[in-house]
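Participant: First the structure, then my questions, so here it is.
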Amino acid sequence: MKVSTRGRYGLRLLVDLAEHASDLPVALSQVAGRQDLSEKYLQQVALLLTRGGYLVSVKGAGGGYLLSRKPEQMLIYDIFDLLEGNIAFAEIPQKEETAIQRCIRIHFFEKLDEKVRNTFEGVTLADVTKAEWFTYMI
Amino acid sequence: METMVFLSTCRGNCSIRSISEATGISSGYLEQLMIPLKKYNLVESERGVRGGYRISRKDITCGDVLSASEGEFTPTPCDDCEQGDSCKAHQIWSMLQDTVNNYANQILIEDLASHLVESEAGGGI
């Protein structure tokens, strides 16, 4: 499993907005400049995050994007799940799944997915913006 | 992974044909899969009438097999990125990478295979 460009850009967009917390909408051109990302691509990702309920779009002059709620209330796992569509390693079993495939799916990949869920349990966007957080985790 | 789980249920050598029958993987593709598995000393092969493939040792983990056949798990192409430590999103990808690699390195192929034998005994197939 590789994290898609959408997943990487989307998370960086949210992290950037959380770090530069503001009551005023932030233009994507600013984020693109700060993060050295393509503004065009950020627009697509911002649209998805708006539909997913993480961003609020403000139109017009001085328009841009705002976080829809506090970063403390945004779970990284859920964000990741939205951006990637599906973040499971275990694939949906095919009709002709062999006994070996089923064994590996149930006893390895599904448990791996559970591990990943547990790792990210309770981790919020606010945690990621704190520099000291990751050092604490390891 | 499927090949390795199957091989660890076998006593003695297994021919490509018998592995193919058990896993449903084509013989041609199996020959290709064996190249990295042999290179990383996860399987051994023997020629001759009783020849075939067998696992090289008992303590092979899923991580060994995955990194031999797919390379080390890296969820993002961050090595080429110039943002470095200033990218906070990167912490998340590191967490994901460590979780997956640590888990895969803990699980033995042999243990996976033991579940297979159990479910077979219970008529679960």
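Order determines the names: the first chain of the structure tokens is A, the second B, and so forth; residues in each chain are numbered 1 upward, and ligands are numbered 1 upward as they are shown.
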When DSSP is applied to the backbone of this structure, which of chain B are assigned strand (DSSP E or B)? Write them out as a JSON list (two decimals) with all heavy atoms, in the first residue's frame.

Facilitator:
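This is the output file out_13.json:
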```json
[["chain", "number", "residue", "atom", "x", "y", "z"],
["B", 14, "CYS", "N", 9.02, -29.42, -2.59],
["B", 14, "CYS", "CA", 7.77, -29.30, -3.35],
["B", 14, "CYS", "C", 8.10, -28.88, -4.78],
["B", 14, "CYS", "O", 8.88, -27.94, -4.98],
["B", 14, "CYS", "CB", 6.88, -28.22, -2.76],
["B", 14, "CYS", "SG", 6.13, -28.69, -1.22],
["B", 43, "VAL", "N", 14.11, -19.52, 0.53],
["B", 43, "VAL", "CA", 13.85, -20.89, 0.04],
["B", 43, "VAL", "C", 15.16, -21.49, -0.49],
["B", 43, "VAL", "O", 16.08, -20.77, -0.87],
["B", 43, "VAL", "CB", 12.80, -20.94, -1.10],
["B", 43, "VAL", "CG1", 11.45, -20.46, -0.63],
["B", 43, "VAL", "CG2", 13.26, -20.18, -2.33],
["B", 44, "GLU", "N", 15.18, -22.82, -0.47],
["B", 44, "GLU", "CA", 16.29, -23.54, -1.07],
["B", 44, "GLU", "C", 15.72, -24.44, -2.14],
["B", 44, "GLU", "O", 14.57, -24.86, -2.04],
["B", 44, "GLU", "CB", 16.98, -24.42, -0.01],
["B", 44, "GLU", "CG", 17.71, -23.60, 1.03],
["B", 44, "GLU", "CD", 18.16, -24.43, 2.22],
["B", 44, "GLU", "OE1", 17.67, -25.59, 2.36],
["B", 44, "GLU", "OE2", 18.96, -23.91, 3.00],
["B", 45, "SER", "N", 16.52, -24.71, -3.15],
["B", 45, "SER", "CA", 16.00, -25.60, -4.19],
["B", 45, "SER", "C", 16.99, -26.72, -4.45],
["B", 45, "SER", "O", 18.18, -26.59, -4.18],
["B", 45, "SER", "CB", 15.74, -24.83, -5.48],
["B", 45, "SER", "OG", 16.95, -24.31, -5.97],
["B", 46, "GLU", "N", 16.44, -27.81, -4.95],
["B", 46, "GLU", "CA", 17.25, -28.97, -5.24],
["B", 46, "GLU", "C", 16.81, -29.52, -6.58],
["B", 46, "GLU", "O", 15.61, -29.55, -6.87],
["B", 46, "GLU", "CB", 16.99, -30.03, -4.14],
["B", 46, "GLU", "CG", 18.21, -30.78, -3.71],
["B", 46, "GLU", "CD", 17.88, -31.70, -2.54],
["B", 46, "GLU", "OE1", 17.13, -31.31, -1.63],
["B", 46, "GLU", "OE2", 18.35, -32.85, -2.58],
["B", 52, "GLY", "N", 12.97, -29.84, -5.95],
["B", 52, "GLY", "CA", 11.89, -28.87, -5.74],
["B", 52, "GLY", "C", 12.33, -27.80, -4.77],
["B", 52, "GLY", "O", 13.54, -27.63, -4.54],
["B", 53, "TYR", "N", 11.36, -27.14, -4.19],
["B", 53, "TYR", "CA", 11.67, -26.04, -3.27],
["B", 53, "TYR", "C", 11.26, -26.38, -1.84],
["B", 53, "TYR", "O", 10.28, -27.10, -1.63],
["B", 53, "TYR", "CB", 10.92, -24.78, -3.71],
["B", 53, "TYR", "CG", 11.45, -24.21, -5.00],
["B", 53, "TYR", "CD1", 10.91, -24.60, -6.23],
["B", 53, "TYR", "CD2", 12.48, -23.27, -4.99],
["B", 53, "TYR", "CE1", 11.40, -24.07, -7.42],
["B", 53, "TYR", "CE2", 12.96, -22.73, -6.17],
["B", 53, "TYR", "CZ", 12.42, -23.14, -7.39],
["B", 53, "TYR", "OH", 12.90, -22.61, -8.54],
["B", 54, "ARG", "N", 11.98, -25.82, -0.90],
["B", 54, "ARG", "CA", 11.59, -25.94, 0.51],
["B", 54, "ARG", "C", 12.02, -24.66, 1.23],
["B", 54, "ARG", "O", 12.90, -23.94, 0.77],
["B", 54, "ARG", "CB", 12.24, -27.16, 1.16],
["B", 54, "ARG", "CG", 13.74, -27.11, 1.14],
["B", 54, "ARG", "CD", 14.37, -28.26, 1.93],
["B", 54, "ARG", "NE", 15.81, -28.13, 1.88],
["B", 54, "ARG", "CZ", 16.57, -28.70, 0.95],
["B", 54, "ARG", "NH1", 16.02, -29.46, 0.02],
["B", 54, "ARG", "NH2", 17.87, -28.51, 0.94],
["B", 55, "ILE", "N", 11.38, -24.38, 2.36],
["B", 55, "ILE", "CA", 11.79, -23.19, 3.11],
["B", 55, "ILE", "C", 13.16, -23.44, 3.73],
["B", 55, "ILE", "O", 13.49, -24.57, 4.09],
["B", 55, "ILE", "CB", 10.77, -22.78, 4.21],
["B", 55, "ILE", "CG1", 10.45, -23.93, 5.16],
["B", 55, "ILE", "CG2", 9.50, -22.24, 3.60],
["B", 55, "ILE", "CD1", 9.77, -23.46, 6.42],
["B", 61, "THR", "N", 9.88, -14.60, 8.89],
["B", 61, "THR", "CA", 8.71, -13.77, 9.22],
["B", 61, "THR", "C", 8.05, -13.27, 7.93],
["B", 61, "THR", "O", 8.64, -13.30, 6.85],
["B", 61, "THR", "CB", 9.12, -12.54, 10.05],
["B", 61, "THR", "OG1", 9.93, -11.69, 9.23],
["B", 61, "THR", "CG2", 9.88, -12.92, 11.31],
["B", 108, "LEU", "N", 5.44, -14.98, 12.25],
["B", 108, "LEU", "CA", 6.16, -16.03, 11.55],
["B", 108, "LEU", "C", 5.27, -16.68, 10.49],
["B", 108, "LEU", "O", 4.08, -16.92, 10.73],
["B", 108, "LEU", "CB", 6.61, -17.12, 12.53],
["B", 108, "LEU", "CG", 7.63, -16.72, 13.61],
["B", 108, "LEU", "CD1", 7.85, -17.89, 14.57],
["B", 108, "LEU", "CD2", 8.95, -16.31, 12.96]]
```

Participant: Considering only C-alpha atoms, extract the chain B residues located within 9 Å of chain A and return them as a count of residues only.

Facilitator: 37

Participant: So how far away is atom CA of Asp78 of chain A from atom CA of Gly63 of chain A, in Å?

Facilitator: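 Going from atom CA of Gly63 of chain A over to atom CA of Asp78 of chain A covers 26.4 Å.
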